[in-house]
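S.K.: Once you've had a glance at the structure underneath, I'll fire off some questions.
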Amino acid sequence: MRCHACGGLMHETRSDMPFKLDRSRIVIIKDLPMLQCDECGEHAFSDPVMEKIEAALKNVDQSAELEVVRIAA
Ligand SMILES: [Zn+2]
């Protein structure tokens, strides 16, 4: 897969990613599989991973300001 930002080659990696839900709430998903660009560091998620992220974000504790989750991906 090629980077949509610079056209560089992307490679698979795993990393922790923060997702901001709104002004005060943030969810960190640990050890998330993603594609990262060697050239500019841009990242992308595959469709199945994106679906898991969306499902995980829906299931977080609505009152928590910071939550760390791990999804099976
Ligand atoms: Zn790039």
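A note on labels: chains of the structure tokens are A, B, ... as shown, every chain counts residues from 1, and ligands are counted from 1 in their shown order.
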Pick out each residue of chain A that DSSP on the backbone tags as helix (DSSP H, G or I); I need them as a list in words.
M.R.: Asp47, Pro48, Val49, Met50, Glu51, Lys52, Ile53, Glu54, Ala55, Ala56, Leu57 and Lys58 of chain A
S.K.: Keeping only N, CA, C and O atoms, write the selected residues to a file as a CSV table (one decimal), in the first residue's frame.
M.R.:
```csv
chain,number,residue,atom,x,y,z
A,47,ASP,N,-9.6,-1.7,6.8
A,47,ASP,CA,-11.1,-1.6,7.1
A,47,ASP,C,-11.5,-2.4,8.4
A,47,ASP,O,-12.2,-2.0,9.2
A,48,PRO,N,-11.0,-3.7,8.4
A,48,PRO,CA,-11.4,-4.5,9.6
A,48,PRO,C,-10.9,-3.9,10.9
A,48,PRO,O,-11.6,-3.9,11.9
A,49,VAL,N,-9.7,-3.3,10.9
A,49,VAL,CA,-9.2,-2.7,12.1
A,49,VAL,C,-10.0,-1.4,12.5
A,49,VAL,O,-10.4,-1.2,13.6
A,50,MET,N,-10.3,-0.7,11.4
A,50,MET,CA,-11.2,0.5,11.6
A,50,MET,C,-12.5,0.2,12.3
A,50,MET,O,-13.0,0.9,13.2
A,51,GLU,N,-13.1,-0.9,11.8
A,51,GLU,CA,-14.4,-1.3,12.4
A,51,GLU,C,-14.2,-1.7,13.9
A,51,GLU,O,-15.1,-1.4,14.7
A,52,LYS,N,-13.1,-2.3,14.2
A,52,LYS,CA,-12.8,-2.7,15.6
A,52,LYS,C,-12.6,-1.5,16.4
A,52,LYS,O,-13.0,-1.4,17.6
A,53,ILE,N,-11.9,-0.5,15.9
A,53,ILE,CA,-11.7,0.8,16.6
A,53,ILE,C,-13.1,1.4,16.9
A,53,ILE,O,-13.3,1.9,18.0
A,54,GLU,N,-13.9,1.5,15.9
A,54,GLU,CA,-15.2,2.2,16.1
A,54,GLU,C,-16.0,1.4,17.1
A,54,GLU,O,-16.7,2.1,18.0
A,55,ALA,N,-16.0,0.1,17.1
A,55,ALA,CA,-16.7,-0.7,18.1
A,55,ALA,C,-16.2,-0.4,19.5
A,55,ALA,O,-16.9,-0.3,20.5
A,56,ALA,N,-14.8,-0.4,19.6
A,56,ALA,CA,-14.2,-0.2,20.9
A,56,ALA,C,-14.5,1.2,21.4
A,56,ALA,O,-14.8,1.3,22.6
A,57,LEU,N,-14.6,2.2,20.6
A,57,LEU,CA,-14.8,3.6,21.0
A,57,LEU,C,-16.3,3.7,21.5
A,57,LEU,O,-16.6,4.5,22.4
A,58,LYS,N,-17.2,2.9,20.9
A,58,LYS,CA,-18.6,2.9,21.3
A,58,LYS,C,-18.8,2.3,22.7
A,58,LYS,O,-19.7,2.6,23.4
```
S.K.: Got a sec: who's within 6 Å of range 1-15 of chain A, counting only C-alpha atoms, leaving out chain neighbours fewer than 4 positions off, as a VMD selection string?
M.R.: chain A and resid 31 to 39
S.K.: So, with only C-alpha atoms and all ligand atoms as the atoms that count, which of A:Leu66, A:Val60, A:Leu21, A:Cys40 lies closest to ligand 1?
M.R.: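 Distance minimum relative to ligand 1 lands on A:Cys40.
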S.K.: I'd like the interatomic distance between CA of Lys20 in chain A and CA of Val68 in chain A, to a tenth of an Å.
M.R.: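 If I compute the distance from CA of Lys20 in chain A to CA of Val68 in chain A, I get 12.0 Å.
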S.K.: Step one, run DSSP on the backbone; step two, keep only residues of chain A assigned to strand (DSSP E); then write them as JSON, numbers by chain.
M.R.: {"A": [10, 11, 12, 13, 14, 15, 16, 17, 18, 19, 20, 26, 27, 28, 29, 30, 31, 32, 33, 34, 35, 36, 37, 43, 44, 66, 67, 68, 69, 70]}
S.K.: Can those selected residues be exported to a file as a PDB file, in the first residue's frame so that it contains N, CA and C atoms?
M.R.:
```pdb
ATOM      1  N   MET A  10       4.287   2.092   2.596  1.00  0.00           N
ATOM      2  CA  MET A  10       3.816   1.934   3.967  1.00  0.00           C
ATOM      3  C   MET A  10       4.112   0.518   4.438  1.00  0.00           C
ATOM      4  N   HIS A  11       4.460   0.393   5.696  1.00  0.00           N
ATOM      5  CA  HIS A  11       4.708  -0.940   6.237  1.00  0.00           C
ATOM      6  C   HIS A  11       3.827  -1.168   7.459  1.00  0.00           C
ATOM      7  N   GLU A  12       3.574  -2.438   7.746  1.00  0.00           N
ATOM      8  CA  GLU A  12       2.734  -2.768   8.897  1.00  0.00           C
ATOM      9  C   GLU A  12       3.518  -2.626  10.184  1.00  0.00           C
ATOM     10  N   THR A  13       2.855  -2.063  11.152  1.00  0.00           N
ATOM     11  CA  THR A  13       3.474  -1.914  12.455  1.00  0.00           C
ATOM     12  C   THR A  13       2.380  -1.976  13.511  1.00  0.00           C
ATOM     13  N   ARG A  14       2.753  -1.936  14.770  1.00  0.00           N
ATOM     14  CA  ARG A  14       1.777  -1.881  15.857  1.00  0.00           C
ATOM     15  C   ARG A  14       2.194  -0.768  16.788  1.00  0.00           C
ATOM     16  N   SER A  15       1.191  -0.019  17.243  1.00  0.00           N
ATOM     17  CA  SER A  15       1.522   1.083  18.129  1.00  0.00           C
ATOM     18  C   SER A  15       0.317   1.427  18.991  1.00  0.00           C
ATOM     19  N   ASP A  16       0.543   2.213  20.028  1.00  0.00           N
ATOM     20  CA  ASP A  16      -0.553   2.724  20.854  1.00  0.00           C
ATOM     21  C   ASP A  16      -1.053   4.010  20.217  1.00  0.00           C
ATOM     22  N   MET A  17      -2.388   4.144  20.073  1.00  0.00           N
ATOM     23  CA  MET A  17      -2.921   5.334  19.421  1.00  0.00           C
ATOM     24  C   MET A  17      -3.970   6.014  20.283  1.00  0.00           C
ATOM     25  N   PRO A  18      -3.856   7.328  20.466  1.00  0.00           N
ATOM     26  CA  PRO A  18      -4.900   8.061  21.183  1.00  0.00           C
ATOM     27  C   PRO A  18      -6.021   8.493  20.234  1.00  0.00           C
ATOM     28  N   PHE A  19      -7.265   8.385  20.690  1.00  0.00           N
ATOM     29  CA  PHE A  19      -8.427   8.858  19.918  1.00  0.00           C
ATOM     30  C   PHE A  19      -9.182   9.840  20.786  1.00  0.00           C
ATOM     31  N   LYS A  20      -9.357  11.046  20.292  1.00  0.00           N
ATOM     32  CA  LYS A  20     -10.072  12.055  21.040  1.00  0.00           C
ATOM     33  C   LYS A  20     -11.558  11.925  20.731  1.00  0.00           C
ATOM     34  N   ILE A  26     -10.595  11.114  26.122  1.00  0.00           N
ATOM     35  CA  ILE A  26      -9.621  10.525  25.213  1.00  0.00           C
ATOM     36  C   ILE A  26      -9.504   9.027  25.504  1.00  0.00           C
ATOM     37  N   VAL A  27      -9.411   8.266  24.448  1.00  0.00           N
ATOM     38  CA  VAL A  27      -9.260   6.819  24.584  1.00  0.00           C
ATOM     39  C   VAL A  27      -7.935   6.432  23.929  1.00  0.00           C
ATOM     40  N   ILE A  28      -7.165   5.650  24.635  1.00  0.00           N
ATOM     41  CA  ILE A  28      -5.922   5.151  24.055  1.00  0.00           C
ATOM     42  C   ILE A  28      -6.110   3.673  23.743  1.00  0.00           C
ATOM     43  N   ILE A  29      -5.912   3.311  22.507  1.00  0.00           N
ATOM     44  CA  ILE A  29      -5.987   1.895  22.136  1.00  0.00           C
ATOM     45  C   ILE A  29      -4.560   1.369  22.014  1.00  0.00           C
ATOM     46  N   LYS A  30      -4.293   0.336  22.790  1.00  0.00           N
ATOM     47  CA  LYS A  30      -2.947  -0.205  22.873  1.00  0.00           C
ATOM     48  C   LYS A  30      -2.673  -1.200  21.754  1.00  0.00           C
ATOM     49  N   ASP A  31      -1.455  -1.200  21.294  1.00  0.00           N
ATOM     50  CA  ASP A  31      -0.955  -2.255  20.420  1.00  0.00           C
ATOM     51  C   ASP A  31      -1.838  -2.461  19.183  1.00  0.00           C
ATOM     52  N   LEU A  32      -2.141  -1.361  18.538  1.00  0.00           N
ATOM     53  CA  LEU A  32      -3.053  -1.369  17.401  1.00  0.00           C
ATOM     54  C   LEU A  32      -2.287  -1.643  16.100  1.00  0.00           C
ATOM     55  N   PRO A  33      -2.771  -2.598  15.303  1.00  0.00           N
ATOM     56  CA  PRO A  33      -2.098  -2.829  14.021  1.00  0.00           C
ATOM     57  C   PRO A  33      -2.410  -1.706  13.040  1.00  0.00           C
ATOM     58  N   MET A  34      -1.416  -1.198  12.356  1.00  0.00           N
ATOM     59  CA  MET A  34      -1.637  -0.095  11.410  1.00  0.00           C
ATOM     60  C   MET A  34      -0.564  -0.120  10.333  1.00  0.00           C
ATOM     61  N   LEU A  35      -0.807   0.691   9.322  1.00  0.00           N
ATOM     62  CA  LEU A  35       0.197   0.880   8.278  1.00  0.00           C
ATOM     63  C   LEU A  35       0.823   2.250   8.497  1.00  0.00           C
ATOM     64  N   GLN A  36       2.150   2.294   8.434  1.00  0.00           N
ATOM     65  CA  GLN A  36       2.814   3.576   8.624  1.00  0.00           C
ATOM     66  C   GLN A  36       3.760   3.852   7.471  1.00  0.00           C
ATOM     67  N   CYS A  37       3.782   5.110   7.055  1.00  0.00           N
ATOM     68  CA  CYS A  37       4.608   5.534   5.919  1.00  0.00           C
ATOM     69  C   CYS A  37       6.066   5.670   6.353  1.00  0.00           C
ATOM     70  N   HIS A  43      -0.132   7.578   8.965  1.00  0.00           N
ATOM     71  CA  HIS A  43      -0.578   6.222   9.241  1.00  0.00           C
ATOM     72  C   HIS A  43      -1.982   5.988   8.710  1.00  0.00           C
ATOM     73  N   ALA A  44      -2.305   4.723   8.518  1.00  0.00           N
ATOM     74  CA  ALA A  44      -3.620   4.341   8.018  1.00  0.00           C
ATOM     75  C   ALA A  44      -4.008   3.016   8.659  1.00  0.00           C
ATOM     76  N   LEU A  66     -10.250   9.457  30.647  1.00  0.00           N
ATOM     77  CA  LEU A  66      -9.161   8.780  29.953  1.00  0.00           C
ATOM     78  C   LEU A  66      -9.348   7.288  30.123  1.00  0.00           C
ATOM     79  N   GLU A  67      -9.369   6.588  29.008  1.00  0.00           N
ATOM     80  CA  GLU A  67      -9.512   5.149  29.103  1.00  0.00           C
ATOM     81  C   GLU A  67      -8.493   4.485  28.181  1.00  0.00           C
ATOM     82  N   VAL A  68      -7.920   3.415  28.671  1.00  0.00           N
ATOM     83  CA  VAL A  68      -6.958   2.672  27.863  1.00  0.00           C
ATOM     84  C   VAL A  68      -7.583   1.318  27.555  1.00  0.00           C
ATOM     85  N   VAL A  69      -7.697   1.006  26.288  1.00  0.00           N
ATOM     86  CA  VAL A  69      -8.303  -0.258  25.895  1.00  0.00           C
ATOM     87  C   VAL A  69      -7.340  -1.034  24.995  1.00  0.00           C
ATOM     88  N   ARG A  70      -7.593  -2.306  24.932  1.00  0.00           N
ATOM     89  CA  ARG A  70      -6.807  -3.180  24.076  1.00  0.00           C
ATOM     90  C   ARG A  70      -7.811  -3.982  23.250  1.00  0.00           C
TER      91      ARG A  70
END
```
S.K.: For each of A:Ala72, A:Arg25, A:Ala64, A:Glu42, take the minimum atom-to-atom distance to ligand 1, counting only C-alpha atoms and all ligand atoms, then give the residue where this is smallest.
M.R.: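 Ranked by minimum distance to ligand 1, first place goes to A:Glu42.
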